[in-house]
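Source file: model18.txt. Holds: compact mmCIF, C-alpha atoms.
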```
# COMPACT_ATOMS: atom_id res chain seq x y z
CA MET A 17 0.00 0.00 0.00
CA ASP A 18 1.40 3.38 -0.94
CA GLY A 19 1.72 6.23 1.56
CA ARG A 20 -1.11 8.25 0.03
CA SER A 21 -3.57 5.35 0.34
CA ALA A 22 -2.49 4.73 3.93
CA GLU A 23 -3.12 8.40 4.73
CA LEU A 24 -6.55 8.35 3.09
CA LEU A 25 -7.49 5.27 5.07
CA GLU A 26 -6.15 6.96 8.22
CA PHE A 27 -3.79 4.09 8.86
CA PRO A 28 -1.41 6.20 10.98
CA LEU A 29 -4.34 7.05 13.26
CA ILE A 30 -5.34 3.38 13.47
CA ARG A 31 -1.75 2.40 14.26
CA GLU A 32 -1.54 5.09 16.95
CA ARG A 33 -4.80 3.89 18.47
CA LEU A 34 -3.60 0.29 18.47
CA ALA A 35 -0.33 1.31 20.16
CA SER A 36 -2.26 3.16 22.87
CA TYR A 37 -3.73 -0.16 24.04
CA ALA A 38 -0.29 -1.67 24.64
CA ALA A 39 0.77 -1.52 28.28
CA PHE A 40 4.19 -3.06 27.63
CA ASP A 41 6.75 -0.87 25.83
CA PRO A 42 8.02 -3.61 23.47
CA SER A 43 4.41 -4.34 22.47
CA ARG A 44 3.84 -0.64 21.89
CA ARG A 45 6.90 -0.45 19.65
CA LEU A 46 5.63 -3.40 17.62
CA ALA A 47 2.22 -1.77 17.23
CA GLU A 48 3.81 1.51 16.17
CA ALA A 49 5.84 -0.30 13.51
CA ILE A 50 3.00 -2.32 11.99
CA GLU A 51 2.46 -1.82 8.28
CA PRO A 52 -0.65 -2.62 6.25
CA ALA A 53 -0.60 -5.72 4.06
CA THR A 54 -2.09 -6.03 0.59
CA ASP A 55 -1.47 -9.73 -0.06
CA PRO A 56 -4.82 -11.51 0.48
CA ILE A 57 -3.15 -14.50 2.16
CA ILE A 58 -1.31 -12.27 4.67
CA VAL A 59 -4.44 -10.20 5.28
CA SER A 60 -6.49 -13.35 5.93
CA ARG A 61 -3.84 -14.72 8.29
CA ARG A 62 -3.71 -11.45 10.24
CA GLN A 63 -7.50 -11.41 10.54
CA ASP A 64 -7.43 -14.98 11.89
CA GLU A 65 -4.67 -14.00 14.33
CA THR A 66 -6.75 -11.01 15.46
CA ASP A 67 -9.80 -13.23 15.98
CA GLU A 68 -7.79 -15.66 18.11
CA ALA A 69 -6.17 -12.84 20.07
CA ARG A 70 -9.58 -11.30 20.81
CA TRP A 71 -10.82 -14.71 21.95
CA LEU A 72 -7.77 -15.06 24.21
CA LEU A 73 -8.34 -11.63 25.78
CA SER A 74 -11.99 -12.40 26.50
CA GLU A 75 -11.66 -16.03 27.59
CA LYS A 76 -8.22 -16.08 29.25
CA PRO A 77 -7.54 -12.52 30.42
CA ASN A 78 -4.70 -13.60 32.73
CA VAL A 79 -2.59 -14.99 29.89
CA GLY A 80 0.13 -12.59 28.90
CA VAL A 81 3.65 -11.43 29.62
CA GLY A 82 3.08 -10.14 33.14
CA GLY A 83 6.36 -9.82 34.98
CA ALA A 84 8.38 -9.34 31.80
CA ARG A 85 10.67 -6.33 31.62
CA ASP A 86 11.72 -4.23 28.67
CA ILE A 87 15.17 -5.73 28.27
CA ALA A 88 15.85 -4.42 24.76
CA PRO A 89 18.56 -1.99 25.96
CA VAL A 90 20.13 -4.74 28.09
CA ILE A 91 20.19 -7.16 25.15
CA ALA A 92 21.63 -4.47 22.88
CA ARG A 93 24.45 -3.78 25.33
CA ALA A 94 25.13 -7.48 25.85
CA SER A 95 25.30 -8.04 22.08
CA ARG A 96 28.09 -5.44 21.98
CA ALA A 97 29.94 -7.34 24.75
CA GLY A 98 28.89 -4.71 27.31
CA ARG A 99 28.69 -5.50 31.00
CA LEU A 100 25.38 -6.02 32.72
CA ASP A 101 24.77 -5.38 36.38
CA PRO A 102 23.08 -8.03 38.56
CA GLY A 103 19.76 -6.14 38.54
CA GLU A 104 19.73 -6.18 34.74
CA LEU A 105 20.52 -9.88 34.75
CA TRP A 106 17.59 -10.48 37.10
CA ALA A 107 15.33 -8.50 34.72
CA VAL A 108 16.35 -10.99 32.03
CA VAL A 109 15.40 -13.86 34.38
CA GLU A 110 11.99 -12.31 35.06
CA THR A 111 11.39 -11.90 31.33
CA ILE A 112 12.38 -15.49 30.60
CA ILE A 113 10.03 -16.67 33.37
CA ALA A 114 7.17 -14.60 31.89
CA ALA A 115 7.87 -16.06 28.43
CA GLY A 116 7.80 -19.56 29.93
CA ARG A 117 4.39 -18.93 31.50
CA LEU A 118 3.11 -17.67 28.15
CA VAL A 119 4.47 -20.77 26.38
CA ASP A 120 2.74 -23.03 28.92
CA ALA A 121 -0.57 -21.21 28.47
CA LEU A 122 -0.43 -21.18 24.66
CA ARG A 123 0.54 -24.87 24.49
CA GLU A 124 -2.79 -25.79 26.11
CA LEU A 125 -5.04 -23.82 23.76
CA ASP A 126 -7.23 -25.31 21.06
CA ARG A 127 -6.78 -22.25 18.83
CA PRO A 128 -4.41 -23.29 16.03
CA LEU A 129 -2.51 -20.02 15.51
CA LEU A 130 -2.07 -19.31 19.21
CA HIS A 131 -1.15 -22.93 19.85
CA ALA A 132 1.45 -22.76 17.07
CA LEU A 133 2.86 -19.52 18.48
CA TYR A 134 4.23 -21.26 21.55
CA ARG A 135 6.65 -23.23 19.33
CA SER A 136 8.24 -19.98 18.17
CA ILE A 137 9.04 -18.86 21.73
CA ASP A 138 12.30 -20.27 23.05
CA PRO A 139 12.03 -20.70 26.85
CA LEU A 140 15.86 -20.30 27.18
CA THR A 141 15.94 -22.86 29.96
CA ALA A 142 19.74 -23.15 30.12
CA LEU A 143 20.19 -19.38 30.31
CA ARG A 144 17.52 -19.08 33.00
CA THR A 145 19.17 -21.82 35.07
CA ARG A 146 22.60 -20.20 34.75
CA LEU A 147 21.32 -16.73 35.67
CA GLU A 148 19.31 -18.01 38.64
CA ALA A 149 22.50 -19.66 39.91
CA SER A 150 24.37 -16.37 39.49
CA VAL A 151 22.13 -13.62 40.86
CA ASP A 152 19.21 -13.40 43.27
CA PRO A 153 16.05 -11.26 43.08
CA THR A 154 17.67 -8.53 45.18
CA GLY A 155 20.47 -8.15 42.64
CA GLU A 156 23.13 -9.87 44.73
CA VAL A 157 25.77 -11.91 42.92
CA LEU A 158 25.71 -15.44 44.38
CA ASP A 159 28.69 -17.58 45.34
CA THR A 160 27.51 -20.04 42.69
CA ALA A 161 28.01 -17.47 39.92
CA SER A 162 31.39 -19.06 39.25
CA PRO A 163 33.66 -21.60 40.91
CA ALA A 164 36.38 -18.95 41.29
CA LEU A 165 34.02 -16.50 43.01
CA GLY A 166 32.69 -19.21 45.30
CA GLY A 167 36.23 -20.23 46.25
CA LEU A 168 37.30 -16.64 46.92
CA ARG A 169 34.28 -15.94 49.09
CA ARG A 170 34.81 -19.17 51.06
CA ALA A 171 38.44 -18.17 51.64
CA VAL A 172 37.36 -14.73 52.86
CA ARG A 173 34.82 -16.28 55.26
CA VAL A 174 37.42 -18.71 56.63
CA ALA A 175 39.95 -15.88 57.09
CA HIS A 176 37.32 -13.72 58.79
CA GLU A 177 36.37 -16.50 61.19
CA ALA A 178 40.04 -17.18 61.97
CA GLN A 179 40.50 -13.47 62.69
CA ASN A 180 37.47 -13.47 65.00
CA ILE A 181 38.78 -16.52 66.89
CA HIS A 182 42.18 -14.92 67.22
CA PHE A 183 40.58 -11.70 68.47
CA ALA A 184 38.45 -13.57 71.01
CA ASP A 185 41.31 -15.76 72.23
CA ASN A 186 44.00 -13.10 72.43
CA ILE A 187 42.23 -9.81 73.00
CA LEU A 188 38.98 -10.54 74.79
CA ALA A 189 39.94 -13.57 76.88
CA PRO A 190 39.66 -12.93 80.64
CA GLY A 191 43.01 -12.46 82.28
CA THR A 192 44.66 -11.18 79.14
CA LYS A 193 47.34 -8.67 79.98
CA GLY A 194 46.03 -5.14 79.60
CA VAL A 195 42.37 -6.10 79.11
CA SER A 196 40.12 -7.18 81.92
CA ASN A 197 36.52 -8.29 81.81
CA ILE A 198 35.40 -6.49 78.66
CA GLU A 199 31.68 -6.96 78.31
CA LEU A 200 30.44 -7.32 74.73
CA LYS A 201 26.89 -6.14 74.19
CA PRO A 202 24.74 -6.98 71.21
```
What is this structure when it is put down as structure tokens?
Amino acid sequence: MDGRSAELLEFPLIRERLASYAAFDPSRRLAEAIEPATDPIIVSRRQDETDEARWLLSEKPNVGVGGARDIAPVIARASRAGRLDPGELWAVVETIIAAGRLVDALRELDRPLLHALYRSIDPLTALRTRLEASVDPTGEVLDTASPALGGLRRAVRVAHEAQNIHFADNILAPGTKGVSNIELKP
């Protein structure tokens, strides 16, 4: 469809209206980028998809991508070998979890296009498992993030405990020269 025809049919207004219904920024960007089709097969397919989507909204209103985050900037930075902070990594985990819930819901449907859609969504199970072993929901990097990190943290804990024992035995012990009956309070 040429630009003039799209203007006459007020397609930009329709696209804007569609985008206004999207609560999730990535969905809004997709709606804003949609272009009209002229191929009858594509038009028919899109109409069928719309029918199934409307059915899904009315019959299964809780199905969706709730909990997903807009991780497009994070993915862009990662694709350029940029560093991600633990909070950004956890946002990826939350998005993968939301995609997994959507896959599970779509797999169970008797609507052919929606049912087929689940096969196009990769649940990224290995990535999810690795990230969940590396960061927690508060954004803390876990000891299990890498064997080297786990080993270093264990060594620090052991050294800290040895220091505390030394302090207790040599500084706080009753009868120690120069220190008498120090009372430690919580």
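Between atom CA of A:Leu118 and atom CA of A:Leu72 the separation is 11.9 Å.
Considering the residues A:Tyr134, A:Trp106, A:Trp71, A:Tyr37 and counting only C-alpha atoms, A:Pro153 has its shortest atom-to-atom contact with A:Trp106.
Take the candidates A:Ser136, A:Gly82, A:Glu65, A:Gly103 and check each one against A:Arg117 using all atoms listed in the file; the shortest distance goes to A:Gly82.
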field: Nearby residues (all atoms listed in the file) at most 8 Å from A:Ala115, same-chain spacing under 6 positions excluded, as an NGL selection string
entry: :A and (81 or 84 or 137 or 139)
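Restricting the calculation to only C-alpha atoms, the smallest distance between A:Asp120 and any of A:Arg135, A:His176, A:Arg62, A:Arg45 is found for A:Arg135.
With only C-alpha atoms as the atoms that count, the minimum distance from A:Asp55 to the choices A:Thr154, A:Met17, A:Ala97, A:Ala121 is reached by A:Met17.
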Between atom CA of A:Arg144 and atom CA of A:Ile112 lies a distance of 6.7 Å
re atom CA of A:Glu32 and atom CA of A:Pro52: distance 13.2 Å
Neighbouring residues of A:Asp41 were defined as those with any atom within 10 Å, considering all atoms listed in the file; residues of the same chain fewer than 4 positions away were excluded. Please report them as a PDB file with C-alpha atoms, in the coordinates of the input.
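Written out: out.pdb:
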```
ATOM      1  CA  ALA A  35      -0.330   1.310  20.160  1.00  0.00           C
ATOM      2  CA  ARG A  45       6.900  -0.450  19.650  1.00  0.00           C
ATOM      3  CA  LEU A  46       5.630  -3.400  17.620  1.00  0.00           C
ATOM      4  CA  ALA A  47       2.220  -1.770  17.230  1.00  0.00           C
ATOM      5  CA  ARG A  85      10.670  -6.330  31.620  1.00  0.00           C
ATOM      6  CA  ASP A  86      11.720  -4.230  28.670  1.00  0.00           C
ATOM      7  CA  ALA A  88      15.850  -4.420  24.760  1.00  0.00           C
TER       8      ALA A  88
END
```
Q.
Distance cut-off 12 Å, centre (18.3, -9.5, 32.8) in file coordinates, counting all atoms listed in the file: which residues qualify? Return them as number ranges by chain.
A. A: 84-94, 99-113, 143-144, 146-148, 150-153, 155
Would you compute an axis-aligned box for stretch 47-54 of chain A, covering every atom listed for it in the file with 8 Å of margin on each side, and report centre and edge lengths in Å to one decimal as JSON?
```
{"center_x": 1.9, "center_y": -2.3, "center_z": 8.9, "size_x": 23.9, "size_y": 23.5, "size_z": 32.6}
```
Using all atoms listed in the file, the best pick from A:Ala22, A:Val119, A:Ala149, A:Arg31 as closest to A:Gly166 would be A:Ala149
